[in-house]
>>> print(open('start08.csv').read())   # CSV, C-alpha atoms
chain,number,residue,atom,x,y,z
G,9,MET,CA,-1.7,-6.8,-20.0
G,10,LYS,CA,-1.2,-8.9,-16.8
G,11,ILE,CA,-2.5,-7.1,-13.7
G,12,GLY,CA,-2.0,-7.5,-10.0
G,13,LEU,CA,-4.6,-5.7,-7.8
G,14,ILE,CA,-3.8,-4.6,-4.2
G,15,GLY,CA,-6.9,-3.9,-2.1
G,16,PHE,CA,-10.2,-5.7,-2.3
G,17,GLY,CA,-12.7,-3.4,-0.5
G,18,LYS,CA,-15.9,-2.2,-2.2
G,19,THR,CA,-14.0,-0.2,-4.8
G,20,GLY,CA,-11.4,-2.9,-5.3
G,21,LYS,CA,-14.1,-5.5,-6.0
G,22,SER,CA,-15.8,-3.2,-8.6
G,23,VAL,CA,-12.4,-2.6,-10.3
G,24,ALA,CA,-11.8,-6.3,-10.4
G,25,SER,CA,-15.1,-6.9,-12.1
G,26,ILE,CA,-14.3,-4.4,-14.9
G,27,LEU,CA,-10.8,-5.9,-15.4
G,28,LEU,CA,-12.3,-9.4,-15.7
G,29,GLU,CA,-14.8,-8.3,-18.3
G,30,ASN,CA,-12.1,-6.6,-20.5
G,31,LYS,CA,-10.3,-9.0,-22.8
G,32,LYS,CA,-7.2,-6.7,-23.0
G,33,PHE,CA,-6.4,-7.4,-19.4
G,34,SER,CA,-5.7,-10.5,-17.3
G,35,LEU,CA,-6.3,-10.2,-13.5
G,36,GLU,CA,-3.5,-12.5,-12.2
G,37,TRP,CA,-4.0,-12.0,-8.5
G,38,VAL,CA,-5.4,-9.8,-5.7
G,39,LEU,CA,-3.5,-9.0,-2.5
G,40,ARG,CA,-5.4,-7.9,0.6
G,41,GLN,CA,-4.7,-7.8,4.3
G,42,SER,CA,-7.4,-10.0,5.6
G,43,LYS,CA,-7.2,-13.8,5.3
G,44,VAL,CA,-10.9,-14.0,4.6
G,45,LEU,CA,-11.3,-15.3,1.0
G,46,GLU,CA,-7.7,-16.4,0.8
G,47,HIS,CA,-7.0,-18.5,-2.2
G,48,ARG,CA,-10.5,-18.0,-3.5
G,49,SER,CA,-11.0,-17.2,-7.2
G,50,VAL,CA,-12.1,-13.6,-7.9
G,51,PRO,CA,-14.2,-14.6,-10.9
G,52,GLU,CA,-16.0,-17.2,-8.8
G,53,PHE,CA,-16.4,-14.9,-5.9
G,54,LEU,CA,-17.9,-12.1,-8.1
G,55,GLY,CA,-19.9,-14.5,-10.2
G,56,ILE,CA,-18.2,-13.7,-13.4
G,57,GLU,CA,-17.4,-16.3,-16.0
G,58,SER,CA,-13.7,-16.0,-16.7
G,59,GLU,CA,-10.7,-18.2,-17.4
G,60,GLU,CA,-8.3,-15.8,-15.7
G,61,PRO,CA,-6.7,-17.1,-12.5
G,62,GLY,CA,-7.4,-14.0,-10.3
G,63,LEU,CA,-6.7,-15.8,-7.0
G,64,ILE,CA,-6.9,-13.9,-3.7
G,65,TYR,CA,-3.9,-13.8,-1.4
G,66,SER,CA,-3.4,-12.4,2.1
G,67,SER,CA,-0.4,-10.1,2.8
G,68,SER,CA,0.0,-11.7,6.2
G,69,ALA,CA,0.7,-15.1,4.5
G,70,THR,CA,2.2,-14.1,1.2
G,71,THR,CA,4.7,-11.4,0.4
G,72,VAL,CA,4.7,-9.2,-2.7
G,73,GLU,CA,8.1,-10.6,-3.6
G,74,GLU,CA,6.7,-14.2,-3.6
G,75,LEU,CA,3.7,-13.2,-5.7
G,76,LEU,CA,5.8,-11.4,-8.3
G,77,GLU,CA,8.1,-14.3,-8.6
G,78,LYS,CA,5.4,-16.9,-9.0
G,79,HIS,CA,2.8,-14.8,-10.8
G,80,PRO,CA,4.6,-11.9,-12.7
G,81,VAL,CA,2.5,-9.0,-13.9
G,82,ASP,CA,2.9,-6.0,-16.1
G,83,ALA,CA,1.2,-3.5,-13.8
G,84,ILE,CA,0.1,-3.2,-10.2
G,85,ILE,CA,-3.0,-1.3,-9.4
G,86,ASP,CA,-3.3,0.0,-5.8
G,87,PHE,CA,-6.6,0.6,-4.1
G,88,SER,CA,-5.4,-0.2,-0.6
G,89,SER,CA,-4.2,2.6,1.7
G,90,ASN,CA,-1.7,5.4,1.7
G,91,GLU,CA,0.8,3.0,3.3
G,92,GLY,CA,0.4,0.3,0.7
G,93,ILE,CA,3.1,1.7,-1.5
G,94,TYR,CA,5.7,0.7,1.1
G,95,THR,CA,4.8,-2.9,0.8
G,96,TYR,CA,5.2,-3.3,-3.0
G,97,GLY,CA,6.8,-0.2,-4.4
G,98,GLU,CA,10.5,-1.1,-4.4
G,99,SER,CA,9.8,-4.7,-5.6
G,100,ALA,CA,7.7,-3.5,-8.5
G,101,ALA,CA,10.2,-0.8,-9.5
G,102,GLN,CA,13.1,-3.2,-9.5
G,103,LYS,CA,11.2,-5.5,-11.9
G,104,ASN,CA,10.1,-2.5,-14.1
G,105,ILE,CA,6.4,-3.2,-13.3
G,106,LYS,CA,4.2,-0.2,-13.9
G,107,ILE,CA,2.5,1.2,-10.8
G,108,ILE,CA,-1.0,2.7,-11.0
G,109,SER,CA,-2.0,4.2,-7.7
G,110,ALA,CA,-5.6,5.4,-7.0
G,111,ILE,CA,-5.0,6.3,-3.4
G,112,SER,CA,-7.1,9.4,-2.5
G,113,HIS,CA,-4.4,11.0,-0.3
G,114,TYR,CA,-0.7,10.7,0.2
G,115,GLU,CA,1.5,12.5,2.8
G,116,GLU,CA,4.8,14.1,1.8
G,117,ASN,CA,6.9,11.0,2.5
G,118,GLU,CA,4.7,8.8,0.2
G,119,LEU,CA,4.9,11.5,-2.6
G,120,LYS,CA,8.7,11.4,-2.3
G,121,LEU,CA,8.7,7.6,-2.6
G,122,LEU,CA,6.5,7.8,-5.7
G,123,LYS,CA,9.0,10.2,-7.2
G,124,LYS,CA,11.9,7.9,-6.3
G,125,LEU,CA,10.2,4.9,-7.8
G,126,SER,CA,9.5,6.8,-11.0
G,127,HIS,CA,13.2,6.9,-11.7
G,128,LYS,CA,13.1,3.1,-12.2
G,129,THR,CA,9.6,2.4,-13.7
G,130,THR,CA,6.4,4.0,-14.9
G,131,VAL,CA,4.4,5.4,-12.0
G,132,PHE,CA,0.9,7.0,-12.2
G,133,TRP,CA,-1.0,8.6,-9.3
G,134,SER,CA,-4.4,10.2,-9.3
G,135,PRO,CA,-6.5,10.8,-6.1
G,136,ASN,CA,-9.6,10.1,-8.3
G,137,ILE,CA,-9.0,7.8,-11.2
G,138,THR,CA,-12.4,8.3,-12.9
G,139,LEU,CA,-12.1,9.7,-16.4
G,140,GLY,CA,-15.1,12.1,-15.8
G,141,VAL,CA,-13.8,13.9,-12.8
G,142,ASN,CA,-10.4,14.5,-14.4
G,143,TYR,CA,-12.2,15.9,-17.5
G,144,LEU,CA,-14.0,18.2,-15.1
G,145,LEU,CA,-10.7,19.3,-13.6
G,146,PHE,CA,-9.2,19.9,-17.0
G,147,ALA,CA,-12.2,22.0,-18.1
G,148,ALA,CA,-12.3,23.9,-14.8
G,149,LYS,CA,-8.7,25.0,-15.2
G,150,PHE,CA,-9.3,26.1,-18.7
G,151,LEU,CA,-12.3,28.3,-17.7
G,152,LYS,CA,-10.2,29.8,-14.8
G,153,LYS,CA,-7.5,30.7,-17.3
G,154,ILE,CA,-10.1,32.5,-19.4
G,155,ALA,CA,-11.6,34.4,-16.4
G,156,PRO,CA,-9.0,34.4,-13.6
G,157,TRP,CA,-11.2,37.0,-11.6
G,158,VAL,CA,-14.3,34.7,-11.4
G,159,ASP,CA,-15.7,33.6,-8.0
G,160,ILE,CA,-15.2,29.9,-7.4
G,161,GLU,CA,-16.8,27.5,-5.0
G,162,VAL,CA,-15.8,23.8,-4.7
G,163,ASN,CA,-18.4,21.3,-3.2
G,164,GLU,CA,-17.9,17.6,-2.6
G,165,GLU,CA,-20.4,14.9,-1.3
G,166,HIS,CA,-19.5,11.4,-0.2
G,167,PHE,CA,-20.8,8.5,1.9
G,168,LYS,CA,-21.4,8.9,5.6
G,169,LYS,CA,-18.3,7.1,6.8
G,170,LYS,CA,-15.8,8.8,4.6
G,171,GLN,CA,-13.4,10.8,6.8
G,172,GLY,CA,-11.6,14.0,6.0
G,173,THR,CA,-11.9,16.2,2.9
G,174,SER,CA,-12.0,14.4,-0.4
G,175,GLY,CA,-8.5,14.2,-2.0
G,176,THR,CA,-10.1,14.9,-5.3
G,177,ALA,CA,-11.7,18.1,-4.0
G,178,VAL,CA,-8.4,19.2,-2.5
G,179,LYS,CA,-6.7,18.7,-5.9
G,180,ILE,CA,-9.5,20.7,-7.7
G,181,ALA,CA,-9.2,23.5,-5.1
G,182,GLU,CA,-5.4,23.6,-5.4
G,183,ALA,CA,-5.6,23.8,-9.2
G,184,LEU,CA,-8.1,26.7,-9.0
G,185,ASP,CA,-6.4,28.6,-6.2
G,186,VAL,CA,-9.2,27.9,-3.7
G,187,GLU,CA,-8.2,27.5,-0.1
G,188,LYS,CA,-8.7,24.0,1.3
G,189,GLU,CA,-10.6,25.4,4.2
G,190,ASN,CA,-13.2,26.8,1.8
G,191,ILE,CA,-14.2,23.4,0.4
G,192,ASN,CA,-17.8,22.6,1.2
G,193,SER,CA,-18.2,18.9,2.3
G,194,VAL,CA,-21.3,16.8,2.7
G,195,ARG,CA,-21.4,13.3,4.2
G,196,ALA,CA,-24.7,11.5,3.9
G,197,GLY,CA,-26.0,8.0,3.2
G,198,GLY,CA,-24.3,5.9,0.6
G,199,ILE,CA,-23.3,8.7,-1.9
G,200,VAL,CA,-20.4,7.2,-4.0
G,201,GLY,CA,-18.9,10.6,-4.8
G,202,LYS,CA,-20.0,13.9,-6.2
G,203,HIS,CA,-17.8,17.0,-7.0
G,204,GLU,CA,-19.0,20.4,-8.2
G,205,VAL,CA,-17.3,23.5,-9.2
G,206,ILE,CA,-19.4,26.7,-9.3
G,207,PHE,CA,-18.1,29.7,-11.3
G,208,GLY,CA,-19.8,32.9,-10.3
G,209,PHE,CA,-19.9,35.5,-13.1
G,210,PRO,CA,-21.8,38.7,-13.0
G,211,TYR,CA,-25.4,37.8,-14.0
G,212,GLN,CA,-24.6,34.2,-14.7
G,213,THR,CA,-23.1,31.0,-13.2
G,214,VAL,CA,-21.4,28.0,-14.7
G,215,ARG,CA,-21.5,24.7,-12.8
G,216,LEU,CA,-19.3,21.7,-13.7
G,217,ILE,CA,-20.5,18.6,-11.9
G,218,HIS,CA,-19.2,15.0,-11.8
G,219,GLU,CA,-21.1,12.3,-10.0
G,220,SER,CA,-19.9,8.7,-9.7
G,221,ILE,CA,-23.1,6.6,-10.0
G,222,SER,CA,-21.3,3.3,-9.3
G,223,ARG,CA,-17.8,2.3,-8.2
G,224,GLU,CA,-17.4,0.6,-11.5
G,225,ALA,CA,-16.5,4.1,-12.8
G,226,PHE,CA,-13.1,3.6,-11.1
G,227,GLY,CA,-12.6,0.4,-13.0
G,228,ASN,CA,-13.3,2.2,-16.3
G,229,GLY,CA,-10.7,4.8,-15.3
G,230,VAL,CA,-8.2,2.2,-14.5
G,231,VAL,CA,-8.6,0.6,-17.9
G,232,PHE,CA,-8.2,4.0,-19.6
G,233,VAL,CA,-5.1,4.8,-17.6
G,234,ALA,CA,-3.5,1.4,-18.2
G,235,GLU,CA,-4.1,1.6,-21.9
G,236,ASN,CA,-2.5,5.0,-22.1
G,237,LEU,CA,0.5,4.1,-20.0
G,238,LYS,CA,1.3,1.0,-22.0
G,239,ASP,CA,4.0,2.6,-24.1
G,240,LYS,CA,5.1,5.3,-21.6
G,241,GLU,CA,8.7,5.4,-20.5
G,242,LYS,CA,9.6,5.5,-16.8
G,243,GLY,CA,8.5,8.6,-15.0
G,244,LEU,CA,5.8,10.0,-12.7
G,245,TYR,CA,2.5,10.7,-14.5
G,246,ASN,CA,-0.9,12.1,-13.6
G,247,PHE,CA,-4.2,12.3,-15.5
G,248,GLU,CA,-3.4,15.7,-17.0
G,249,ASP,CA,-0.3,14.1,-18.7
G,250,ILE,CA,-2.6,11.5,-20.3
G,251,LEU,CA,-5.5,13.8,-21.3
G,252,THR,CA,-3.4,16.7,-22.7
G,253,PRO,CA,-2.6,14.9,-26.0
G,254,TYR,CA,-6.3,14.5,-26.7
G,255,PHE,CA,-6.8,18.3,-26.6
G,256,ALA,CA,-3.8,19.0,-28.9
G,257,VAL,CA,-4.9,20.8,-32.1
>>> encode(input="start08.csv", output="structure tokens")
Amino acid sequence: MKIGLIGFGKTGKSVASILLENKKFSLEWVLRQSKVLEHRSVPEFLGIESEEPGLIYSSSATTVEELLEKHPVDAIIDFSSNEGIYTYGESAAQKNIKIISAISHYEENELKLLKKLSHKTTVFWSPNITLGVNYLLFAAKFLKKIAPWVDIEVNEEHFKKKQGTSGTAVKIAEALDVEKENINSVRAGGIVGKHEVIFGFPYQTVRLIHESISREAFGNGVVFVAENLKDKEKGLYNFEDILTPYFAV
């Protein structure tokens, strides 16, 4: 599967390294805002031996349309910003290129655009694309269904500079009917990401915890999603759509 990656920050670099090491995928190009590293090879920059092209382009010098014309891909993976979808969404949908978005938070307008694009191509969005945290969410919803009266607390921890409440924590809270204002947030040091759901039963507690030890976890999640979307028809998908078949009896 030929991949185009949008966004090359710390997480984007980690995702690129995982894609380069997986023989099922070919990283064709990376598009970022900055001109720094323009036309550099991703494998060379990351120190990974690979025959894949993986050249870095700047959006200020190269348009998405030009990239897709010269270097067609099967899927675009977005680790940029919530506004990134406006730069490539329509072009990708018109060419029936799958869209995998790992943006942590979208406003209503972006969500409407994702829905619109899903009428033309396969679109996937998850505010946290790690497999583990989505398994946590799946399990938490199952336990809430068994005991709808249980007390629930949602905690999240991230690196010092992360602003706002974690999009993943918000999604967990919404799924468990916990008010967003009641999410407990911690910002300290270089924590990659930790989410915890505490279920308070009489005389016992159950804690479901997911912790990202390294940003490569997002790359593994991308691989899992891409493989499971390969044969999906056009439409808007989330992690639950992908995980549910695995739990079917």
>>> residues_around(input="start08.csv", residues="region 137-151 of chain G", least_positions_apart="2", cutoff="6 Å", atoms="all atoms listed in the file", output="PyMOL selection string")
chain G and resi 110+134+153-154+218+225-226+229
>>> closest_atom_pairs(input="start08.csv", of="region 29-48 of chain G", to="region 230-241 of chain G", cutoff="10 Å", atoms="only C-alpha atoms", output="JSON lines")
{"residue": "G:Asn30", "atom": "CA", "partner": "G:Val231", "partner_atom": "CA", "distance": 8.4}
{"residue": "G:Lys32", "atom": "CA", "partner": "G:Glu235", "partner_atom": "CA", "distance": 8.9}
{"residue": "G:Phe33", "atom": "CA", "partner": "G:Val231", "partner_atom": "CA", "distance": 8.4}
>>> residues_around(input="start08.csv", residues="Lys43 (chain G)", least_positions_apart="2", cutoff="12 Å", atoms="all atoms listed in the file", output="list of chain:residue names")
G:Phe16, G:Val38, G:Leu39, G:Arg40, G:Gln41, G:Leu45, G:Glu46, G:His47, G:Arg48, G:Ile64, G:Tyr65, G:Ser66, G:Ser67, G:Ser68, G:Ala69, G:Thr70
>>> closest_residue(input="start08.csv", among="G:Gly17, G:Gly12, G:Thr173, G:Gly208", to="Lys106 (chain G)", atoms="all atoms listed in the file")
G:Gly12
>>> residues_around(input="start08.csv", residues="region 53-62 of chain G", least_positions_apart="2", cutoff="9 Å", atoms="all atoms listed in the file", output="PDB file with C-alpha atoms, in the coordinates of the input")
ATOM      1  CA  GLY G  12      -2.000  -7.500 -10.000  1.00  0.00           C
ATOM      2  CA  LYS G  21     -14.100  -5.500  -6.000  1.00  0.00           C
ATOM      3  CA  ALA G  24     -11.800  -6.300 -10.400  1.00  0.00           C
ATOM      4  CA  SER G  25     -15.100  -6.900 -12.100  1.00  0.00           C
ATOM      5  CA  LEU G  28     -12.300  -9.400 -15.700  1.00  0.00           C
ATOM      6  CA  GLU G  29     -14.800  -8.300 -18.300  1.00  0.00           C
ATOM      7  CA  SER G  34      -5.700 -10.500 -17.300  1.00  0.00           C
ATOM      8  CA  LEU G  35      -6.300 -10.200 -13.500  1.00  0.00           C
ATOM      9  CA  GLU G  36      -3.500 -12.500 -12.200  1.00  0.00           C
ATOM     10  CA  TRP G  37      -4.000 -12.000  -8.500  1.00  0.00           C
ATOM     11  CA  VAL G  38      -5.400  -9.800  -5.700  1.00  0.00           C
ATOM     12  CA  LEU G  45     -11.300 -15.300   1.000  1.00  0.00           C
ATOM     13  CA  ARG G  48     -10.500 -18.000  -3.500  1.00  0.00           C
ATOM     14  CA  SER G  49     -11.000 -17.200  -7.200  1.00  0.00           C
ATOM     15  CA  VAL G  50     -12.100 -13.600  -7.900  1.00  0.00           C
ATOM     16  CA  PRO G  51     -14.200 -14.600 -10.900  1.00  0.00           C
ATOM     17  CA  ILE G  64      -6.900 -13.900  -3.700  1.00  0.00           C
TER      18      ILE G  64
END
>>> atom_distance(input="start08.csv", atom1="CA of Lys78 (chain G)", atom2="CA of Gln102 (chain G)")
15.7 Å
>>> residues_around(input="start08.csv", residues="region 186-196 of chain G", least_positions_apart="5", cutoff="6 Å", atoms="only C-alpha atoms", output="PDB file with C-alpha atoms, in the coordinates of the input")
ATOM      1  CA  VAL G 162     -15.800  23.800  -4.700  1.00  0.00           C
ATOM      2  CA  ASN G 163     -18.400  21.300  -3.200  1.00  0.00           C
ATOM      3  CA  GLU G 164     -17.900  17.600  -2.600  1.00  0.00           C
ATOM      4  CA  GLU G 165     -20.400  14.900  -1.300  1.00  0.00           C
ATOM      5  CA  HIS G 166     -19.500  11.400  -0.200  1.00  0.00           C
ATOM      6  CA  PHE G 167     -20.800   8.500   1.900  1.00  0.00           C
ATOM      7  CA  LYS G 168     -21.400   8.900   5.600  1.00  0.00           C
ATOM      8  CA  ALA G 181      -9.200  23.500  -5.100  1.00  0.00           C
TER       9      ALA G 181
END
>>> closest_residue(input="start08.csv", among="G:Lys124, G:Thr19, G:His113, G:Ile107", to="Gly172 (chain G)", atoms="only C-alpha atoms")
G:His113
>>> atom_distance(input="start08.csv", atom1="CA of Pro80 (chain G)", atom2="CA of Tyr94 (chain G)")
18.7 Å
>>> atom_distance(input="start08.csv", atom1="CA of Ser42 (chain G)", atom2="CA of Ile14 (chain G)")
11.8 Å
>>> closest_residue(input="start08.csv", among="G:Ala183, G:Leu244, G:Val205, G:Ile199", to="Lys120 (chain G)", atoms="all atoms listed in the file")
G:Leu244
>>> closest_residue(input="start08.csv", among="G:Leu184, G:Ile93, G:Val158, G:Ile11", to="Asn117 (chain G)", atoms="only C-alpha atoms")
G:Ile93
>>> closest_residue(input="start08.csv", among="G:Val200, G:Leu121, G:Ile108, G:Val178", to="Lys18 (chain G)", atoms="all atoms listed in the file")
G:Val200
>>> decode(input="start08.csv", residues="region 194-223 of chain G", atoms="N, CA and C atoms", output="short mmCIF file (atom, residue, chain, number, x, y, z; two decimals), in the first residue's frame")
data_model
loop_
_atom_site.label_atom_id
_atom_site.label_comp_id
_atom_site.auth_asym_id
_atom_site.auth_seq_id
_atom_site.Cartn_x
_atom_site.Cartn_y
_atom_site.Cartn_z
N VAL G 194 -3.50 16.06 33.96
CA VAL G 194 -2.16 16.33 34.51
C VAL G 194 -1.23 16.65 33.35
N ARG G 195 -0.44 17.73 33.50
CA ARG G 195 0.56 18.09 32.51
C ARG G 195 1.92 18.16 33.20
N ALA G 196 2.82 17.27 32.82
CA ALA G 196 4.11 17.24 33.49
C ALA G 196 5.18 16.60 32.61
N GLY G 197 6.35 17.22 32.60
CA GLY G 197 7.50 16.63 31.92
C GLY G 197 7.24 16.21 30.50
N GLY G 198 7.75 15.02 30.15
CA GLY G 198 7.63 14.53 28.78
C GLY G 198 6.72 13.33 28.65
N ILE G 199 5.68 13.26 29.50
CA ILE G 199 4.74 12.14 29.42
C ILE G 199 4.15 12.06 28.02
N VAL G 200 4.25 10.92 27.38
CA VAL G 200 3.72 10.76 26.02
C VAL G 200 2.20 10.77 26.06
N GLY G 201 1.61 9.99 26.93
CA GLY G 201 0.16 9.96 27.05
C GLY G 201 -0.31 8.81 27.92
N LYS G 202 -1.14 9.13 28.90
CA LYS G 202 -1.68 8.09 29.78
C LYS G 202 -3.16 8.38 30.03
N HIS G 203 -3.99 7.36 29.89
CA HIS G 203 -5.42 7.48 30.15
C HIS G 203 -5.85 6.39 31.11
N GLU G 204 -6.68 6.77 32.08
CA GLU G 204 -7.13 5.84 33.09
C GLU G 204 -8.62 6.02 33.35
N VAL G 205 -9.33 4.91 33.42
CA VAL G 205 -10.75 4.94 33.79
C VAL G 205 -10.89 4.16 35.09
N ILE G 206 -11.43 4.82 36.12
CA ILE G 206 -11.63 4.18 37.41
C ILE G 206 -13.12 3.89 37.60
N PHE G 207 -13.46 2.64 37.84
CA PHE G 207 -14.83 2.25 38.13
C PHE G 207 -14.93 1.98 39.63
N GLY G 208 -15.77 2.78 40.32
CA GLY G 208 -15.91 2.61 41.76
C GLY G 208 -17.15 1.81 42.13
N PHE G 209 -16.91 0.55 42.48
CA PHE G 209 -17.98 -0.32 42.95
C PHE G 209 -17.97 -0.32 44.49
N PRO G 210 -19.05 -0.70 45.14
CA PRO G 210 -19.00 -0.90 46.59
C PRO G 210 -17.97 -1.98 46.93
N TYR G 211 -17.01 -1.63 47.79
CA TYR G 211 -16.01 -2.56 48.31
C TYR G 211 -14.95 -2.99 47.29
N GLN G 212 -14.93 -2.37 46.10
CA GLN G 212 -13.91 -2.73 45.11
C GLN G 212 -13.82 -1.65 44.03
N THR G 213 -12.70 -1.61 43.38
CA THR G 213 -12.54 -0.72 42.23
C THR G 213 -11.93 -1.50 41.07
N VAL G 214 -12.24 -1.05 39.87
CA VAL G 214 -11.63 -1.59 38.66
C VAL G 214 -10.95 -0.43 37.94
N ARG G 215 -9.69 -0.60 37.58
CA ARG G 215 -8.95 0.44 36.87
C ARG G 215 -8.50 -0.08 35.51
N LEU G 216 -8.85 0.64 34.48
CA LEU G 216 -8.37 0.34 33.13
C LEU G 216 -7.39 1.44 32.76
N ILE G 217 -6.16 1.06 32.45
CA ILE G 217 -5.10 2.04 32.19
C ILE G 217 -4.41 1.75 30.86
N HIS G 218 -4.23 2.80 30.09
CA HIS G 218 -3.41 2.68 28.88
C HIS G 218 -2.34 3.76 28.93
N GLU G 219 -1.10 3.37 28.69
CA GLU G 219 0.00 4.33 28.67
C GLU G 219 0.84 4.13 27.42
N SER G 220 1.02 5.21 26.68
CA SER G 220 1.89 5.18 25.51
C SER G 220 3.33 5.39 25.98
N ILE G 221 4.14 4.36 25.84
CA ILE G 221 5.53 4.42 26.28
C ILE G 221 6.38 5.17 25.26
N SER G 222 6.01 5.01 24.00
CA SER G 222 6.74 5.66 22.92
C SER G 222 5.76 6.06 21.84
N ARG G 223 6.09 7.10 21.08
CA ARG G 223 5.21 7.56 20.00
C ARG G 223 5.12 6.54 18.86
#
